[in-house]
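So this block is target_21.csv, CSV, C-alpha atoms:
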```csv
chain,number,residue,atom,x,y,z
A,29,MET,CA,0.0,0.0,0.0
A,30,ALA,CA,1.2,3.5,-0.8
A,31,GLU,CA,2.6,5.5,2.1
A,32,LEU,CA,1.0,8.7,3.3
A,33,ALA,CA,3.0,11.6,1.8
A,34,PRO,CA,2.3,15.0,0.3
A,35,GLY,CA,0.5,14.8,-3.0
A,36,VAL,CA,-0.9,11.3,-2.3
A,37,ARG,CA,-4.6,10.8,-3.0
A,38,VAL,CA,-6.6,9.3,-0.2
A,39,ARG,CA,-10.1,8.2,0.5
A,40,THR,CA,-11.6,8.9,4.0
A,41,ARG,CA,-13.4,6.4,6.1
A,42,THR,CA,-17.1,5.9,5.5
A,43,THR,CA,-18.1,4.5,8.9
A,44,ASP,CA,-20.3,6.5,11.2
A,45,PRO,CA,-19.0,5.7,14.6
A,46,ASP,CA,-21.2,5.5,17.7
A,47,GLY,CA,-19.1,8.0,19.7
A,48,HIS,CA,-16.9,11.0,19.2
A,49,THR,CA,-14.9,11.4,16.0
A,50,ARG,CA,-13.1,14.3,14.4
A,51,LEU,CA,-13.8,13.2,10.8
A,52,PRO,CA,-16.6,15.6,9.9
A,53,ARG,CA,-19.6,13.9,8.3
A,54,TYR,CA,-19.3,16.1,5.1
A,55,ALA,CA,-15.8,14.7,4.5
A,56,ARG,CA,-16.6,11.0,5.0
A,57,GLY,CA,-16.0,8.6,2.1
A,58,ALA,CA,-14.5,11.4,0.1
A,59,VAL,CA,-11.3,11.6,-2.1
A,60,GLY,CA,-8.8,14.3,-1.3
A,61,VAL,CA,-5.1,15.0,-1.6
A,62,LEU,CA,-2.6,15.2,1.3
A,63,VAL,CA,-1.1,18.7,1.6
A,64,GLU,CA,1.3,18.4,4.6
A,65,GLU,CA,1.6,16.7,7.9
A,66,ALA,CA,0.3,18.7,10.8
A,67,GLY,CA,1.9,17.0,13.8
A,68,VAL,CA,1.5,13.7,15.6
A,69,HIS,CA,-1.3,13.2,18.1
A,70,PRO,CA,-3.3,10.4,19.7
A,71,LEU,CA,-6.6,9.7,17.8
A,72,ALA,CA,-9.3,12.0,19.1
A,73,ASP,CA,-11.8,9.2,19.0
A,74,ASP,CA,-9.7,7.2,21.4
A,75,ARG,CA,-9.1,10.2,23.7
A,76,ALA,CA,-12.8,10.8,23.9
A,77,ARG,CA,-13.3,7.3,25.1
A,78,GLY,CA,-10.8,7.6,27.8
A,79,ARG,CA,-8.1,5.6,26.0
A,80,ALA,CA,-4.6,6.9,25.7
A,81,GLY,CA,-4.3,6.1,22.0
A,82,ALA,CA,-1.0,5.8,20.2
A,83,PRO,CA,0.2,9.0,18.6
A,84,GLN,CA,-0.2,9.0,14.8
A,85,PRO,CA,0.3,11.6,12.1
A,86,VAL,CA,-2.4,14.2,11.4
A,87,TRP,CA,-2.7,15.5,7.9
A,88,HIS,CA,-4.0,18.5,6.1
A,89,VAL,CA,-6.2,16.9,3.4
A,90,ARG,CA,-7.5,19.1,0.6
A,91,PHE,CA,-10.9,18.3,-1.1
A,92,ALA,CA,-12.5,19.9,-4.1
A,93,ALA,CA,-15.9,21.3,-3.0
A,94,ALA,CA,-17.5,19.5,-5.9
A,95,ASP,CA,-16.3,16.2,-4.6
A,96,LEU,CA,-17.8,16.9,-1.2
A,97,PHE,CA,-21.0,18.7,-2.0
A,98,GLY,CA,-21.6,18.1,-5.7
A,99,ALA,CA,-21.1,21.8,-6.4
A,100,GLY,CA,-18.7,24.7,-5.8
A,101,ASP,CA,-15.3,25.8,-7.2
A,102,HIS,CA,-13.5,26.2,-3.9
A,103,THR,CA,-11.4,23.8,-1.9
A,104,VAL,CA,-11.9,22.7,1.7
A,105,THR,CA,-8.8,21.6,3.7
A,106,VAL,CA,-9.5,19.4,6.7
A,107,GLU,CA,-7.2,18.1,9.3
A,108,LEU,CA,-7.5,14.3,9.6
A,109,TRP,CA,-5.8,11.5,11.5
A,110,ALA,CA,-4.0,8.9,9.5
A,111,ASP,CA,-6.5,6.2,10.8
A,112,TYR,CA,-9.2,8.0,8.8
A,113,LEU,CA,-7.3,7.8,5.5
A,114,THR,CA,-6.6,5.1,2.9
A,115,PRO,CA,-4.2,5.9,0.1
A,116,ILE,CA,-5.6,5.3,-3.4
A,117,GLU,CA,-3.4,3.2,-5.6
A,118,GLU,CA,-2.8,5.1,-8.8
A,119,ASP,CA,-2.9,3.2,-12.1
A,120,ALA,CA,0.5,2.9,-13.5
B,97,MET,CA,-22.6,18.6,17.9
B,98,SER,CA,-21.8,21.4,20.4
B,99,GLY,CA,-24.8,23.3,19.2
B,100,ASP,CA,-27.0,20.7,21.0
B,101,HIS,CA,-25.5,21.5,24.4
B,102,THR,CA,-27.9,23.1,26.8
B,103,SER,CA,-25.6,25.4,28.6
B,104,SER,CA,-27.5,25.4,31.9
B,105,ALA,CA,-27.2,21.6,32.3
B,106,VAL,CA,-23.5,21.7,31.3
B,107,SER,CA,-22.6,24.5,33.7
B,108,ALA,CA,-24.5,22.8,36.5
B,109,ARG,CA,-22.5,19.7,35.9
B,110,VAL,CA,-19.2,21.6,35.7
B,111,ARG,CA,-20.0,23.3,39.0
B,112,SER,CA,-20.7,20.0,40.8
B,113,VAL,CA,-17.5,18.4,39.3
B,114,GLU,CA,-15.5,21.5,40.4
B,115,ALA,CA,-17.0,21.4,43.9
B,116,PHE,CA,-16.2,17.7,44.2
B,117,LEU,CA,-12.6,18.1,43.1
B,118,GLU,CA,-12.2,21.0,45.6
B,119,SER,CA,-13.7,18.9,48.4
B,120,ARG,CA,-11.1,16.2,47.7
B,121,GLY,CA,-8.3,18.7,47.7
B,122,LEU,CA,-7.5,18.1,44.0
B,123,LEU,CA,-8.3,21.7,43.0
B,124,ASP,CA,-7.7,24.9,44.9
B,125,ASP,CA,-10.5,27.3,45.4
B,126,GLY,CA,-10.9,29.3,42.2
B,127,GLU,CA,-8.1,27.5,40.4
B,128,ILE,CA,-10.1,26.9,37.2
B,129,ASP,CA,-11.0,30.6,36.9
B,130,ARG,CA,-7.3,31.5,37.5
B,131,ARG,CA,-6.1,29.0,34.9
B,132,ILE,CA,-8.6,30.4,32.4
B,133,ASP,CA,-7.5,33.9,33.1
B,134,GLU,CA,-3.9,32.9,32.6
B,135,PHE,CA,-4.8,31.2,29.3
B,136,LEU,CA,-6.6,34.3,28.0
B,137,ALA,CA,-4.1,36.8,29.4
B,138,GLY,CA,-2.5,38.7,26.5
B,139,GLY,CA,-4.8,37.0,23.9
B,140,SER,CA,-5.9,39.8,21.6
B,141,PRO,CA,-6.3,40.5,17.9
B,142,VAL,CA,-3.5,43.0,18.4
B,143,ASN,CA,-1.1,40.1,18.3
B,144,GLY,CA,-2.4,38.7,15.0
B,145,ALA,CA,-2.3,42.2,13.6
B,146,ARG,CA,1.4,42.6,14.5
B,147,ILE,CA,2.1,39.3,12.8
B,148,ALA,CA,0.3,40.3,9.6
B,149,ALA,CA,2.0,43.8,9.5
B,150,ARG,CA,5.4,42.2,10.0
B,151,ALA,CA,4.7,39.7,7.2
B,152,TRP,CA,3.8,42.7,4.9
B,153,VAL,CA,7.0,44.6,5.5
B,154,ASP,CA,9.5,41.7,5.8
B,155,PRO,CA,9.3,39.1,3.0
B,156,GLY,CA,11.8,36.9,4.9
B,157,PHE,CA,9.6,36.8,7.9
B,158,ALA,CA,6.6,36.1,5.7
B,159,GLU,CA,8.4,33.1,4.3
B,160,ARG,CA,9.3,31.8,7.7
B,161,LEU,CA,5.8,32.4,9.0
B,162,LEU,CA,4.2,30.3,6.2
B,163,ALA,CA,6.7,27.5,6.6
B,164,ASP,CA,6.8,27.3,10.4
B,165,ALA,CA,4.5,29.7,12.2
B,166,ASN,CA,5.2,28.5,15.7
B,167,SER,CA,8.9,29.4,15.4
B,168,ALA,CA,8.3,32.6,13.4
B,169,ILE,CA,6.0,34.3,15.9
B,170,ARG,CA,8.6,33.9,18.6
B,171,GLU,CA,10.5,36.6,16.7
B,172,LEU,CA,7.7,38.9,17.9
B,173,GLY,CA,7.7,37.6,21.4
B,174,LEU,CA,4.5,35.6,20.8
B,175,THR,CA,3.9,32.0,21.5
B,176,MET,CA,1.2,29.2,21.0
B,177,ALA,CA,2.6,27.5,24.2
B,178,GLY,CA,0.4,29.4,26.7
B,179,GLY,CA,-1.9,26.4,27.3
B,180,LEU,CA,-1.3,22.9,28.6
B,181,GLN,CA,0.8,22.1,25.5
B,182,GLU,CA,2.0,24.1,22.5
B,183,GLN,CA,-0.6,24.2,19.7
B,184,ARG,CA,0.5,24.0,16.1
B,185,LEU,CA,-0.1,27.2,14.2
B,186,LYS,CA,-0.8,27.2,10.5
B,187,VAL,CA,-0.7,30.6,8.8
B,188,VAL,CA,-1.9,31.1,5.3
B,189,ALA,CA,-1.6,34.3,3.2
B,190,ASN,CA,-4.2,35.8,0.9
B,191,THR,CA,-3.1,36.7,-2.6
B,192,VAL,CA,-4.7,38.1,-5.8
B,193,ASP,CA,-5.3,34.4,-6.8
B,194,GLU,CA,-6.3,32.8,-3.5
B,195,HIS,CA,-8.5,33.9,-0.6
B,196,ASN,CA,-8.3,31.8,2.6
B,197,VAL,CA,-11.0,31.6,5.3
B,198,VAL,CA,-11.0,29.7,8.5
B,199,VAL,CA,-13.8,27.8,10.3
B,200,CYS,CA,-14.1,25.0,12.8
B,201,THR,CA,-17.1,22.9,11.7
B,202,LEU,CA,-17.0,20.5,14.6
B,203,CYS,CA,-16.8,23.1,17.4
B,204,SER,CA,-15.0,26.4,17.7
B,205,CYS,CA,-11.2,25.8,17.5
B,206,TYR,CA,-9.5,29.2,17.3
B,207,PRO,CA,-6.1,30.8,18.0
B,208,ILE,CA,-7.0,32.5,21.2
B,209,ALA,CA,-3.5,33.6,22.0
B,210,LEU,CA,-3.3,35.5,18.8
B,211,LEU,CA,-6.9,36.7,18.3
B,212,GLY,CA,-8.4,36.7,21.8
B,213,PRO,CA,-11.8,35.0,22.4
B,214,SER,CA,-13.6,34.1,19.2
B,215,PRO,CA,-16.6,36.2,18.0
B,216,GLY,CA,-20.1,34.8,18.5
B,217,TRP,CA,-20.7,34.3,14.8
B,218,TYR,CA,-17.6,32.1,14.5
B,219,LYS,CA,-19.3,29.6,16.9
B,220,SER,CA,-22.7,29.8,15.3
B,221,GLU,CA,-24.0,26.8,13.5
B,222,ALA,CA,-25.0,29.0,10.5
B,223,TYR,CA,-21.3,30.0,9.9
B,224,ARG,CA,-19.9,26.6,10.7
B,225,SER,CA,-22.2,24.7,8.4
B,226,ARG,CA,-22.5,27.2,5.5
B,227,VAL,CA,-19.0,28.5,5.0
B,228,VAL,CA,-17.6,25.1,3.9
B,229,ARG,CA,-20.4,24.7,1.3
B,230,ASP,CA,-20.8,28.2,0.0
B,231,PRO,CA,-17.9,30.4,1.1
B,232,ARG,CA,-18.4,32.9,-1.7
B,233,GLY,CA,-22.0,33.4,-0.6
B,234,VAL,CA,-21.1,33.7,3.1
B,235,LEU,CA,-18.3,36.1,2.3
B,236,ARG,CA,-20.7,38.2,0.3
B,237,GLU,CA,-22.9,38.4,3.4
B,238,PHE,CA,-19.8,39.7,5.3
B,239,GLY,CA,-19.5,42.4,2.6
B,240,VAL,CA,-16.6,40.7,0.8
B,241,GLU,CA,-17.0,40.5,-3.0
B,242,LEU,CA,-14.2,38.5,-4.5
B,243,PRO,CA,-13.4,38.5,-8.2
B,244,ASP,CA,-14.4,35.2,-9.9
B,245,ARG,CA,-10.8,34.4,-10.7
B,246,THR,CA,-9.9,34.4,-7.0
B,247,ARG,CA,-9.9,30.9,-5.7
B,248,ILE,CA,-11.3,30.3,-2.2
B,249,SER,CA,-9.6,27.9,0.2
B,250,VAL,CA,-11.6,27.0,3.3
B,251,TRP,CA,-9.6,25.6,6.3
B,252,ASP,CA,-11.5,23.5,8.7
B,253,ALA,CA,-9.7,23.8,12.1
B,254,SER,CA,-11.4,20.8,13.5
B,255,ALA,CA,-8.4,19.0,14.9
B,256,GLU,CA,-5.1,19.9,16.6
B,257,SER,CA,-3.8,22.9,14.6
B,258,ARG,CA,-5.0,26.5,14.9
B,259,TYR,CA,-5.1,28.8,11.8
B,260,MET,CA,-4.6,32.4,11.0
B,261,VAL,CA,-4.9,34.3,7.7
B,262,VAL,CA,-2.6,37.1,6.6
B,263,PRO,CA,-4.9,39.4,4.7
B,264,ARG,CA,-3.7,41.2,1.5
B,265,ARG,CA,-1.9,44.5,2.2
B,266,PRO,CA,-4.1,47.4,1.2
B,267,ALA,CA,-3.1,49.4,-1.9
B,268,GLY,CA,-1.5,52.8,-1.2
B,269,THR,CA,0.1,51.8,2.1
B,270,GLU,CA,3.7,51.5,0.7
B,271,ASP,CA,4.9,54.4,2.9
B,272,LEU,CA,3.2,53.5,6.1
B,273,PRO,CA,5.4,52.2,9.0
B,274,GLU,CA,4.8,48.7,10.4
B,275,GLU,CA,2.9,50.0,13.5
B,276,GLN,CA,0.4,51.9,11.5
B,277,LEU,CA,-0.1,49.0,9.1
B,278,ALA,CA,-0.9,46.8,12.2
B,279,GLY,CA,-3.6,49.3,13.0
B,280,LEU,CA,-5.3,48.5,9.7
B,281,VAL,CA,-5.6,44.7,10.4
B,282,THR,CA,-9.0,43.6,11.7
B,283,ARG,CA,-10.0,40.4,13.5
B,284,LYS,CA,-12.2,39.4,10.6
B,285,GLY,CA,-9.3,40.0,8.3
B,286,LEU,CA,-7.3,37.5,10.3
B,287,ILE,CA,-10.1,34.9,10.0
B,288,GLY,CA,-10.6,35.6,6.3
B,289,THR,CA,-14.2,37.0,6.6
B,290,ALA,CA,-13.0,40.5,5.6
B,291,VAL,CA,-10.4,42.2,3.5
B,292,VAL,CA,-8.5,45.1,5.0
```

Written form, structure tokens:
Amino acid sequence: MAELAPGVRVRTRTTDPDGHTRLPRYARGAVGVLVEEAGVHPLADDRARGRAGAPQPVWHVRFAAADLFGAGDHTVTVELWADYLTPIEEDA
Amino acid sequence: MSGDHTSSAVSARVRSVEAFLESRGLLDDGEIDRRIDEFLAGGSPVNGARIAARAWVDPGFAERLLADANSAIRELGLTMAGGLQEQRLKVVANTVDEHNVVVCTLCSCYPIALLGPSPGWYKSEAYRSRVVRDPRGVLREFGVELPDRTRISVWDASAESRYMVVPRRPAGTEDLPEEQLAGLVTRKGLIGTAVV
């Protein structure tokens, strides 16, 4: 599987967890591009459940508005934990 | 979503937890208020305005600011380390081609040390839900008309970083000293909901 790195395209998690998450609903199951790493932090979902959580990279992920909302010519950059992201294999 | 909180129930709960912790000797009387005061002390949009003005007059500083804001603001005696841990700061600069605007869709994350407490509208569900979908329309309601060719980048501060916008330097200010330039920078300008 491709590594998370700037420029890599990723798809975000689609699941709707029971408890706290910092993956906003509007950005679930969406395809975006990694911009830069924004530090290393325990997953907020774990912290909210009282678990320590192993620190993991958090990324600025840029989405085209049209891919999130079906309209719009702007971009939305969201800060997302690595656990929320799956790199998309590009066709050779 | 934080908009569902009924503040009276939450504050009653906070008071009883606080009283319990005080009765067990884990908190001193008034310690929470004191910590909040310490956290807010010095937090003001004047800080953000100084950063923007320095970025306008000093291209080297602007470059360092956009690359590593936490280090760059120490050159002005400012820090993001006033809380329990240093928060990462991401600064973005508006240009002719790109306008940046900041929101926290999940709650109200905001760089208090540089901008002071956030304005009420920043925490409103209307702003938080609409600016990600229709920033051009929301900015128009703030009185900001951007040319069609200006791209809009929305930053959702819903995790660990805090964000600040460096607005575009107004035309005709080439001769103004840095201090006077700082006086032109508004809080909304530093969030991206105004031009200066």

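Residues of chain B having any atom within 6 Å of chain A, counting all atoms listed in the file, are Ile248, Ser249, Val250, Trp251, Asp252 and Ala255 of chain B.
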
For the selection you just gave me, I'd like the residues written to a file as an mmCIF file, in the coordinates of the input, keeping C-alpha atoms.
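Heads up, here's the output in result-v3.cif:
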```
data_model
loop_
_atom_site.group_PDB
_atom_site.id
_atom_site.type_symbol
_atom_site.label_atom_id
_atom_site.label_comp_id
_atom_site.auth_asym_id
_atom_site.auth_seq_id
_atom_site.Cartn_x
_atom_site.Cartn_y
_atom_site.Cartn_z
ATOM 1 C CA ILE B 248 -11.300 30.300 -2.200
ATOM 2 C CA SER B 249 -9.600 27.900 0.200
ATOM 3 C CA VAL B 250 -11.600 27.000 3.300
ATOM 4 C CA TRP B 251 -9.600 25.600 6.300
ATOM 5 C CA ASP B 252 -11.500 23.500 8.700
ATOM 6 C CA ALA B 255 -8.400 19.000 14.900
#
```

If we count all atoms listed in the file and set the cut-off at 12 Å, which residues sit around Trp217 (chain B), ignoring sequence neighbours fewer than 2 positions away in its own chain? Please answer as a list in words. Val199, Cys200, Ser204, Pro213, Ser214, Pro215, Lys219, Ser220, Glu221, Ala222, Tyr223, Arg224, Ser225, Arg226, Val227, Val234, Phe238, Lys284, Ile287 and Thr289 of chain B

For each of B:Gly216, B:Pro266, B:Gly178, B:Pro273, take the minimum atom-to-atom distance to Gly138 (chain B), counting all atoms listed in the file, then give the residue where this is smallest.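 Smallest separation from Gly138 (chain B) among the options: B:Gly178.
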
So that I can see what lies close to region 33-36 of chain A, please list as a VMD selection string the residues with an atom at most 12 Å from it, counting all atoms listed in the file and leaving out residues fewer than 5 positions away in the same chain. chain A and resid 59 to 66 85 to 90 110 113 to 118

What's the separation between CA of Ala149 (chain B) and CA of Val197 (chain B), in Å to one decimal place?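 So the two atoms, CA of Ala149 (chain B) and CA of Val197 (chain B), lie 18.3 Å apart.
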
Between CA of Ala76 (chain A) and CA of Asp44 (chain A), what is the distance, to one decimal in Å?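 Value for the CA of Ala76 (chain A)-CA of Asp44 (chain A) distance: 15.4 Å.
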
Every residue with an atom at most 12 Å from (10.0, 39.0, 11.7) (file coordinates; all atoms listed in the file) is what I'm after, so could you write them as an MDAnalysis selection string? chainID B and resid 146:162 165 167:174 274

Output file for the residues above (C-alpha atoms, as an mmCIF file, in the coordinates of the input):
```
data_model
loop_
_atom_site.group_PDB
_atom_site.id
_atom_site.type_symbol
_atom_site.label_atom_id
_atom_site.label_comp_id
_atom_site.auth_asym_id
_atom_site.auth_seq_id
_atom_site.Cartn_x
_atom_site.Cartn_y
_atom_site.Cartn_z
ATOM 1 C CA ARG B 146 1.400 42.600 14.500
ATOM 2 C CA ILE B 147 2.100 39.300 12.800
ATOM 3 C CA ALA B 148 0.300 40.300 9.600
ATOM 4 C CA ALA B 149 2.000 43.800 9.500
ATOM 5 C CA ARG B 150 5.400 42.200 10.000
ATOM 6 C CA ALA B 151 4.700 39.700 7.200
ATOM 7 C CA TRP B 152 3.800 42.700 4.900
ATOM 8 C CA VAL B 153 7.000 44.600 5.500
ATOM 9 C CA ASP B 154 9.500 41.700 5.800
ATOM 10 C CA PRO B 155 9.300 39.100 3.000
ATOM 11 C CA GLY B 156 11.800 36.900 4.900
ATOM 12 C CA PHE B 157 9.600 36.800 7.900
ATOM 13 C CA ALA B 158 6.600 36.100 5.700
ATOM 14 C CA GLU B 159 8.400 33.100 4.300
ATOM 15 C CA ARG B 160 9.300 31.800 7.700
ATOM 16 C CA LEU B 161 5.800 32.400 9.000
ATOM 17 C CA LEU B 162 4.200 30.300 6.200
ATOM 18 C CA ALA B 165 4.500 29.700 12.200
ATOM 19 C CA SER B 167 8.900 29.400 15.400
ATOM 20 C CA ALA B 168 8.300 32.600 13.400
ATOM 21 C CA ILE B 169 6.000 34.300 15.900
ATOM 22 C CA ARG B 170 8.600 33.900 18.600
ATOM 23 C CA GLU B 171 10.500 36.600 16.700
ATOM 24 C CA LEU B 172 7.700 38.900 17.900
ATOM 25 C CA GLY B 173 7.700 37.600 21.400
ATOM 26 C CA LEU B 174 4.500 35.600 20.800
ATOM 27 C CA GLU B 274 4.800 48.700 10.400
#
```

Point-to-point distance from CA of Ala177 (chain B) to CA of Glu256 (chain B), Å rounded to tenths: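 Computing it gives 13.2 Å between the two atoms.
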
I'd like the contact shell of Thr42 (chain A) - 9 Å cut-off, all atoms listed in the file, skipping same-chain residues fewer than 5 positions apart - returned as a PDB file with C-alpha atoms, in the frame of the given file.
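See out_30.pdb below for the written result:
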```pdb
ATOM      1  CA  ARG A  53     -19.600  13.900   8.300  1.00  0.00           C
ATOM      2  CA  ALA A  55     -15.800  14.700   4.500  1.00  0.00           C
ATOM      3  CA  ARG A  56     -16.600  11.000   5.000  1.00  0.00           C
ATOM      4  CA  GLY A  57     -16.000   8.600   2.100  1.00  0.00           C
ATOM      5  CA  ALA A  58     -14.500  11.400   0.100  1.00  0.00           C
ATOM      6  CA  TYR A 112      -9.200   8.000   8.800  1.00  0.00           C
TER       7      TYR A 112
END
```

For Asp95 (chain A), which residue out of B:Glu237, B:Thr246, B:Asp271, B:Arg229 is the nearest one, using all atoms listed in the file?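 Looking only at the distances to Asp95 (chain A), the closest residue turns out to be B:Arg229.
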
Return as AutoDock Vina command-line options the centre and edge lengths, in Å with one decimal, of the box along x, y and z that encloses every atom of region 52-55 of chain A in the file, padded by 4 Å per side.
```
--center_x -17.7 --center_y 15.0 --center_z 7.2 --size_x 11.8 --size_y 10.2 --size_z 13.4
```

Keeping N, CA and C atoms (and nothing else), can you write region 94-105 of chain A of this structure as an mmCIF file, in the first residue's frame?
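Contents of the output file selection11.cif:
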```cif
data_model
loop_
_atom_site.group_PDB
_atom_site.id
_atom_site.type_symbol
_atom_site.label_atom_id
_atom_site.label_comp_id
_atom_site.auth_asym_id
_atom_site.auth_seq_id
_atom_site.Cartn_x
_atom_site.Cartn_y
_atom_site.Cartn_z
ATOM 1 N N ALA A 94 -16.603 20.318 -5.098
ATOM 2 C CA ALA A 94 -17.514 19.534 -5.942
ATOM 3 C C ALA A 94 -17.522 18.069 -5.535
ATOM 4 N N ASP A 95 -16.371 17.569 -5.023
ATOM 5 C CA ASP A 95 -16.308 16.173 -4.583
ATOM 6 C C ASP A 95 -17.007 15.963 -3.243
ATOM 7 N N LEU A 96 -17.153 17.027 -2.463
ATOM 8 C CA LEU A 96 -17.825 16.903 -1.157
ATOM 9 C C LEU A 96 -19.315 17.183 -1.259
ATOM 10 N N PHE A 97 -19.655 18.205 -2.041
ATOM 11 C CA PHE A 97 -21.028 18.716 -2.026
ATOM 12 C C PHE A 97 -21.711 18.639 -3.390
ATOM 13 N N GLY A 98 -20.973 18.193 -4.405
ATOM 14 C CA GLY A 98 -21.555 18.130 -5.741
ATOM 15 C C GLY A 98 -21.599 19.467 -6.434
ATOM 16 N N ALA A 99 -21.074 20.502 -5.796
ATOM 17 C CA ALA A 99 -21.066 21.844 -6.394
ATOM 18 C C ALA A 99 -20.002 22.674 -5.703
ATOM 19 N N GLY A 100 -19.647 23.782 -6.358
ATOM 20 C CA GLY A 100 -18.688 24.703 -5.761
ATOM 21 C C GLY A 100 -17.334 24.614 -6.437
ATOM 22 N N ASP A 101 -16.656 25.772 -6.569
ATOM 23 C CA ASP A 101 -15.341 25.773 -7.228
ATOM 24 C C ASP A 101 -14.221 26.042 -6.214
ATOM 25 N N HIS A 102 -14.547 25.972 -4.916
ATOM 26 C CA HIS A 102 -13.530 26.209 -3.888
ATOM 27 C C HIS A 102 -12.943 24.874 -3.406
ATOM 28 N N THR A 103 -11.974 24.972 -2.508
ATOM 29 C CA THR A 103 -11.448 23.768 -1.860
ATOM 30 C C THR A 103 -11.705 23.869 -0.362
ATOM 31 N N VAL A 104 -11.757 22.715 0.285
ATOM 32 C CA VAL A 104 -11.861 22.664 1.739
ATOM 33 C C VAL A 104 -10.712 21.780 2.226
ATOM 34 N N THR A 105 -9.903 22.334 3.135
ATOM 35 C CA THR A 105 -8.792 21.566 3.683
ATOM 36 C C THR A 105 -9.131 21.192 5.119
#
```
